[in-house]
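S.K.: Submitted below is the structure of interest, expressed as C-alpha cells.
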Amino acid sequence: MHQPKGSNRSCLAIVLAAGEGTRMRSSLPKVLHAVGHKSLVAHVLTAAMKAGGADIAVVVGPGRDDVANEAKAIASGASVFEQRDRLGTAHAVLAARDAITKGADDILVMFADTPLVRPETLSRLRAAIAGGAAVTALGFRPKDPSGYGRMVMKGDDLVAIVEDKDATPDQRKITLCNGGLMALAGASALKILGRIGNDNAKGEYYLTDAVAIARDMGLKATVIETDEDDVRGINTKAQLAEAEAVLQQRLRAAAMEAGVTLIAPETVFLSSDTTFGKDVTVEPNVVFGPGVAVEDGATIRSFSHLEGAVVGRGARVGPFARLRPGAKLGQDVHIGNFVEVKAATIEDGAKANHLAYIGDARVGAKANIGAGTITCNYDGVNKHLTDIGAGAFIGTNSSLVAPVKIGDGAYVGSGSVVTKDVPADALAIARGHQVNKEGGASRLRELYNKMKKAKS
C-alpha cells in the first residue's frame, strides 16, 4: 500500500466509467481498451487499491455489463452503480451515493480513462485530506494549457477551477491546470456535492464546482501538483498509443532498475504483469504478451514473442521463437529459432533448437527435438497429448501423431511419422511403415560412442 505510515483512515475510490467514448470509433467501450495488455479501467482500479482504496465504487452507463464485469474481475468487492442520464461529473459521482453514505474518511474520485495515474499520487491526495482539506484537486502544468480548466489560487489555497471557455484573459494566463482527479473529505462530501447546480451552458453538474462551494462553506480546498502523464486522459486511438508509449517507458525503466538487461530497451514491449528474475537478458525486438514470468539467468533472444509462458532458470529462447499460452520451460531449456511452443511443458535441459512445433505435449528432461519436428495435436475436433520421455531423441522432420507416447531414451529416426507408442529405449523408424526395434536406441548410442572414441 502507498498509504502514509501508520495511517488507518478508510478510503472509498469512486471510478467514473460511464463515458461512451465515441471518439474511439470502436464497438468496444473506451475503458475496456488496453495499454500494456491491461484495460484502462483495470489500471485505474489497481492504482486505487494500491493507494488504500479498500472500498471501490464503479459508475457505469446503462447496459454496460461488460464494464461492470471487468471491474469486478479486478476488484472483486467492487460495488457497481448505473448512471442512467449523463448530466456531468458531479451527477456521476452522486450515482454512488449509497457508497458515500457509508462514511469513508477519504473519497477519491477517479476517471476510468486515465490509466497512468500512480498510486503514490493518489496517496498524496489522501494525505491532503488527512491534513484538513475538504477538497483536494490534482493539478498539472501542460506545455500548452489551451482547453484545460485553470486552477485559481490564493496563496496555498485553491479558490476555484474555471473552465477554459469561461476564463477571463488573465485567468487564461494561469499555467496550473485541472487534471480532473479529486479527493473529498468523507464527512462533508455529500453536503458539498448536494449543493452543486447546473446553471451553465451545458446544463450539467460539474464536479469542479465543489471547490468554490467548499470555500463558501468555510472549508479548505487545496491542490496537489503532478506531471502530465499522471493525468493523461484517453479519448482517441492516437491518445491510446501515446499512453502505451508512456507506460512502456515506465515498465522498461522498472525492469532495468530491478536488474534486467535490456540491450535496446526502446525495442522491447512489455506487459503490465511481466515478471523477471535476476540476471535476465532481453535482446532487441522482443514482445511480451500478458502472463509471462522469466526466471533467473534466462536469455530471451531477438524477435521472440512470448505470451502466457514461464521461462525457467538459465533457459534460452529464440531468436525468432514463439511461446504461446501454457508454455512452461524448465531449467536450462533451449528453444531456438522458428520454434513454437503451446500448452507444453519442456523439462530441464531439453532442447528444440530450430524449426519445430510443440503443442499439447510434455518433453522430458534432456530430450532433443530435431528440426522440422511436429506434434500433430489436433484431429479436427479434439486436442491430444504427445508425451516425450526423458533423454529421448526425435530426428529431423518427424511427425508425432497424438495421442502418442515416446518412452524414456527412445530414438525416432528422421522423417518418421509416428502413430504408435514407442517403448522406452526403442528405435522407431516410421517411414511409410513404422518399425520398433527393442533396445535399438541403446545399441545405436553404443555405436555412436564407439565412432566418437575412434575419431578421438
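FYI, nothing fancy with the C-alpha cells labels: chains A, B, ... in order, residues from 1 per chain, ligands from 1 as they appear.
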Please give the complete set of residues from stretch 184-214 of chain A that DSSP, run on the backbone, assigns to helix (DSSP H, G or I), formatted as a PyMOL selection string.
M.R.: chain A and resi 189-194+207-214
S.K.: What's around A:Ala210 at 8 Å? Count only C-alpha atoms, leave out sequence neighbours fewer than 6 positions away in its own chain, and write the answer as JSON, numbers by chain.
M.R.: {"A": [135, 192, 193, 196]}
S.K.: Could you tell me how far atom CA of A:Ala392 lies from atom CA of A:Gly314, in Å and to one decimal?
M.R.: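 Answer for the atom CA of A:Ala392 to atom CA of A:Gly314 separation: 21.3 Å.
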S.K.: Pick out the closest residue to A:Lys220 from this set: A:Ser188, A:Thr267, A:Thr373, A:Ser414. Count only C-alpha atoms.
M.R.: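 Of all the options, A:Ser188 lies closest to A:Lys220.
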S.K.: Excluding A:Cys11 and residues on its chain fewer than 2 positions from it, collect all residues at most 8 Å away from it, counting only C-alpha atoms, and give them as a list in words.
M.R.: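 After dropping sequence-adjacent residues, the list is Arg9, Ala13, Gly52, Gly53, Ala54, Asp55, Ala104, Asp105, Asp106, Ile107 and Leu108 of chain A.
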S.K.: Just the selected residues (all heavy atoms), exported as a JSON list (two decimals), in the first residue's frame, please.
M.R.:
[["chain", "number", "residue", "atom", "x", "y", "z"],
["A", 9, "ARG", "N", -6.86, 5.40, 8.13],
["A", 9, "ARG", "CA", -8.02, 6.07, 7.56],
["A", 9, "ARG", "C", -8.68, 5.18, 6.51],
["A", 9, "ARG", "O", -8.00, 4.52, 5.72],
["A", 9, "ARG", "CB", -7.62, 7.41, 6.93],
["A", 9, "ARG", "CG", -7.09, 8.42, 7.94],
["A", 9, "ARG", "CD", -6.60, 9.68, 7.25],
["A", 9, "ARG", "NE", -7.67, 10.36, 6.53],
["A", 9, "ARG", "CZ", -8.51, 11.24, 7.07],
["A", 9, "ARG", "NH1", -8.41, 11.54, 8.37],
["A", 9, "ARG", "NH2", -9.44, 11.82, 6.35],
["A", 13, "ALA", "N", -12.89, 4.67, -3.19],
["A", 13, "ALA", "CA", -12.50, 5.13, -4.51],
["A", 13, "ALA", "C", -13.70, 5.00, -5.44],
["A", 13, "ALA", "O", -14.23, 3.91, -5.63],
["A", 13, "ALA", "CB", -11.33, 4.32, -5.05],
["A", 52, "GLY", "N", -4.72, 2.24, -1.09],
["A", 52, "GLY", "CA", -5.50, 2.02, 0.12],
["A", 52, "GLY", "C", -6.99, 2.09, -0.08],
["A", 52, "GLY", "O", -7.74, 2.16, 0.91],
["A", 53, "GLY", "N", -7.45, 2.10, -1.33],
["A", 53, "GLY", "CA", -8.88, 2.12, -1.60],
["A", 53, "GLY", "C", -9.52, 0.78, -1.29],
["A", 53, "GLY", "O", -9.66, -0.07, -2.18],
["A", 54, "ALA", "N", -9.88, 0.57, -0.04],
["A", 54, "ALA", "CA", -10.44, -0.72, 0.36],
["A", 54, "ALA", "C", -11.85, -0.90, -0.18],
["A", 54, "ALA", "O", -12.28, -2.02, -0.45],
["A", 54, "ALA", "CB", -10.45, -0.84, 1.87],
["A", 55, "ASP", "N", -12.56, 0.22, -0.34],
["A", 55, "ASP", "CA", -13.91, 0.18, -0.91],
["A", 55, "ASP", "C", -13.86, 0.80, -2.30],
["A", 55, "ASP", "O", -13.32, 1.90, -2.49],
["A", 55, "ASP", "CB", -14.90, 0.96, -0.03],
["A", 55, "ASP", "CG", -15.10, 0.28, 1.32],
["A", 55, "ASP", "OD1", -15.24, -0.96, 1.34],
["A", 55, "ASP", "OD2", -15.10, 0.97, 2.36],
["A", 104, "ALA", "N", -16.73, 6.79, 4.56],
["A", 104, "ALA", "CA", -15.27, 6.68, 4.47],
["A", 104, "ALA", "C", -14.62, 8.00, 4.85],
["A", 104, "ALA", "O", -15.18, 9.08, 4.60],
["A", 104, "ALA", "CB", -14.87, 6.26, 3.06],
["A", 105, "ASP", "N", -13.44, 7.94, 5.42],
["A", 105, "ASP", "CA", -12.71, 9.17, 5.76],
["A", 105, "ASP", "C", -12.30, 9.93, 4.52],
["A", 105, "ASP", "O", -12.42, 11.16, 4.45],
["A", 105, "ASP", "CB", -11.46, 8.82, 6.58],
["A", 105, "ASP", "CG", -11.79, 8.21, 7.92],
["A", 105, "ASP", "OD1", -12.71, 8.72, 8.60],
["A", 105, "ASP", "OD2", -11.14, 7.21, 8.30],
["A", 106, "ASP", "N", -11.76, 9.21, 3.53],
["A", 106, "ASP", "CA", -11.27, 9.82, 2.30],
["A", 106, "ASP", "C", -12.05, 9.27, 1.12],
["A", 106, "ASP", "O", -12.32, 8.06, 1.05],
["A", 106, "ASP", "CB", -9.78, 9.50, 2.08],
["A", 106, "ASP", "CG", -8.92, 9.82, 3.30],
["A", 106, "ASP", "OD1", -9.29, 10.74, 4.05],
["A", 106, "ASP", "OD2", -7.91, 9.12, 3.49],
["A", 107, "ILE", "N", -12.38, 10.15, 0.19],
["A", 107, "ILE", "CA", -13.05, 9.72, -1.03],
["A", 107, "ILE", "C", -12.21, 10.17, -2.22],
["A", 107, "ILE", "O", -11.92, 11.36, -2.37],
["A", 107, "ILE", "CB", -14.47, 10.31, -1.14],
["A", 107, "ILE", "CG1", -15.34, 9.80, 0.02],
["A", 107, "ILE", "CG2", -15.10, 9.96, -2.48],
["A", 107, "ILE", "CD1", -16.71, 10.43, 0.07],
["A", 108, "LEU", "N", -11.80, 9.21, -3.02],
["A", 108, "LEU", "CA", -11.08, 9.50, -4.26],
["A", 108, "LEU", "C", -12.06, 9.44, -5.42],
["A", 108, "LEU", "O", -12.79, 8.46, -5.56],
["A", 108, "LEU", "CB", -9.96, 8.49, -4.48],
["A", 108, "LEU", "CG", -8.78, 8.50, -3.51],
["A", 108, "LEU", "CD1", -7.89, 7.29, -3.75],
["A", 108, "LEU", "CD2", -7.98, 9.79, -3.67]]
S.K.: Using only C-alpha atoms for the distances, tell me which of A:Tyr206, A:Glu242, A:Asp66, A:His37 is nearest to A:Glu307.
M.R.: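 Using only C-alpha atoms, the shortest distance to A:Glu307 belongs to A:His37.
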S.K.: Would you mind telling me which residue in A:Gly336, A:Gly297, A:Gly77, A:Gly312 lies nearest to A:Ala57 when using only C-alpha atoms?
M.R.: A:Gly77
S.K.: Which residues are close to stretch 249-266 of chain A, i.e. within 6 Å by only C-alpha atoms, leaving aside same-chain residues fewer than 4 positions away? Reply as a PyMOL selection string.
M.R.: chain A and resi 279-284
S.K.: With only C-alpha atoms as the basis for distance, which of A:Asn285, A:Thr345, A:Ser146, A:Thr396 is at the shortest distance from A:Ala361?
M.R.: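 Checking each of A:Asn285, A:Thr345, A:Ser146, A:Thr396 against A:Ala361, counting only C-alpha atoms, the winner is A:Thr345.
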S.K.: What separation in Å, quoted to one decimal, exists between atom CA of A:Ala315 and atom CA of A:Gly409?
M.R.: 22.1 Å
S.K.: Please provide the set of residues having any atom within 12 Å of A:Val60, restricted to only C-alpha atoms, with same-chain residues fewer than 6 positions apart removed, written as number ranges by chain.
M.R.: A: 14-20, 29-32, 41, 66-71, 79-86, 92-93, 95-96, 111-112
S.K.: Take the residues from that selection and write them out as a short mmCIF file (atom, residue, chain, number, x, y, z; two decimals), in the first residue's frame, keeping C-alpha atoms.
M.R.:
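Result went into result_39.cif, see below:
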data_model
loop_
_atom_site.label_atom_id
_atom_site.label_comp_id
_atom_site.auth_asym_id
_atom_site.auth_seq_id
_atom_site.Cartn_x
_atom_site.Cartn_y
_atom_site.Cartn_z
CA ILE A 14 -15.23 6.15 -6.96
CA VAL A 15 -14.24 5.30 -10.53
CA LEU A 16 -16.29 7.02 -13.22
CA ALA A 17 -16.62 4.67 -16.19
CA ALA A 18 -19.89 5.71 -17.83
CA GLY A 19 -18.46 7.68 -20.76
CA GLU A 20 -19.46 6.48 -24.22
CA PRO A 29 -16.23 0.57 -24.62
CA LYS A 30 -13.43 3.08 -24.24
CA VAL A 31 -12.47 1.95 -20.74
CA LEU A 32 -12.03 -1.65 -21.93
CA VAL A 41 -10.30 0.68 -16.03
CA ASP A 66 -19.09 -5.76 -19.81
CA VAL A 67 -17.55 -2.84 -17.93
CA ALA A 68 -19.11 -3.97 -14.65
CA ASN A 69 -17.76 -7.50 -15.11
CA GLU A 70 -14.27 -6.22 -15.84
CA ALA A 71 -14.36 -4.05 -12.72
CA SER A 79 -19.97 -2.02 -5.97
CA VAL A 80 -21.37 -1.06 -9.36
CA PHE A 81 -23.74 1.87 -9.87
CA GLU A 82 -25.52 2.92 -13.03
CA GLN A 83 -25.65 6.50 -14.29
CA ARG A 84 -28.76 6.47 -16.45
CA ASP A 85 -28.53 10.08 -17.61
CA ARG A 86 -25.19 11.67 -18.36
CA ALA A 92 -21.93 10.68 -11.95
CA VAL A 93 -20.32 10.78 -8.50
CA ALA A 95 -24.78 7.87 -8.65
CA ALA A 96 -22.62 6.19 -5.99
CA PHE A 111 -11.74 8.55 -14.15
CA ALA A 112 -11.52 5.16 -15.82
#
S.K.: With distances taken over only C-alpha atoms, which residue among A:Ser271, A:Ser456, A:Ser26, A:Thr121 lies nearest A:Val231?
M.R.: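 Comparing A:Ser271, A:Ser456, A:Ser26, A:Thr121 against A:Val231, the winner is A:Thr121.
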S.K.: What lies within 9 Å of stretch 325-327 of chain A using only C-alpha atoms, ignoring chain neighbours under 5 positions off, as an NGL selection string?
M.R.: :A and (291-292 or 306-311 or 341-346 or 359-360)
S.K.: With only C-alpha atoms as the counted atoms, please give the residues lying no more than 6 Å from A:Ile161, apart from itself and same-chain residues fewer than 3 positions off, as a list in words.
M.R.: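 Neighbouring residues, sequence-local ones excluded: Arg150, Met151 and Thr208 of chain A.
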S.K.: So that I have them on file, write out the residues from the current selection with all heavy atoms, as a PDB file, in the first residue's frame.
M.R.:
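Produced file out34.pdb, reproduced below:
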ATOM      1  N   ARG A 150      -8.575  26.137 -15.595  1.00  0.00           N
ATOM      2  CA  ARG A 150      -7.482  26.777 -14.857  1.00  0.00           C
ATOM      3  C   ARG A 150      -7.777  26.726 -13.361  1.00  0.00           C
ATOM      4  O   ARG A 150      -8.920  26.882 -12.927  1.00  0.00           O
ATOM      5  CB  ARG A 150      -7.297  28.228 -15.287  1.00  0.00           C
ATOM      6  CG  ARG A 150      -7.067  28.435 -16.772  1.00  0.00           C
ATOM      7  CD  ARG A 150      -5.907  27.607 -17.334  1.00  0.00           C
ATOM      8  NE  ARG A 150      -5.378  28.218 -18.544  1.00  0.00           N
ATOM      9  CZ  ARG A 150      -5.907  28.087 -19.749  1.00  0.00           C
ATOM     10  NH1 ARG A 150      -6.988  27.329 -19.905  1.00  0.00           N
ATOM     11  NH2 ARG A 150      -5.364  28.667 -20.792  1.00  0.00           N
ATOM     12  N   MET A 151      -6.718  26.542 -12.593  1.00  0.00           N
ATOM     13  CA  MET A 151      -6.834  26.450 -11.137  1.00  0.00           C
ATOM     14  C   MET A 151      -6.418  27.791 -10.545  1.00  0.00           C
ATOM     15  O   MET A 151      -5.248  28.181 -10.590  1.00  0.00           O
ATOM     16  CB  MET A 151      -5.977  25.309 -10.609  1.00  0.00           C
ATOM     17  CG  MET A 151      -6.278  23.994 -11.317  1.00  0.00           C
ATOM     18  SD  MET A 151      -5.435  22.559 -10.609  1.00  0.00           S
ATOM     19  CE  MET A 151      -6.727  21.881  -9.584  1.00  0.00           C
ATOM     20  N   THR A 208     -16.050  20.148 -10.628  1.00  0.00           N
ATOM     21  CA  THR A 208     -15.115  21.237 -10.341  1.00  0.00           C
ATOM     22  C   THR A 208     -15.743  22.332  -9.478  1.00  0.00           C
ATOM     23  O   THR A 208     -15.034  23.063  -8.776  1.00  0.00           O
ATOM     24  CB  THR A 208     -14.606  21.855 -11.650  1.00  0.00           C
ATOM     25  OG1 THR A 208     -15.734  22.153 -12.499  1.00  0.00           O
ATOM     26  CG2 THR A 208     -13.680  20.897 -12.377  1.00  0.00           C
TER      27      THR A 208
END
S.K.: Could you go through stretch 172-346 of chain A and tell me which residues DSSP, when run on the backbone, assigns to strand (DSSP E), listing them as a ChimeraX atom specification?
M.R.: /A:177-185,221-225,261-262,275-276,281-282,287-288,293-294,299-300,305-306,310-311,316-317,322-323,328-329,334-346
S.K.: Counting only C-alpha atoms, figure out which residue out of A:Ala221, A:Ala402, A:Ile56, A:Ala185 gets nearest to A:Leu158.
M.R.: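 Closest to A:Leu158, using only C-alpha atoms: A:Ala221.
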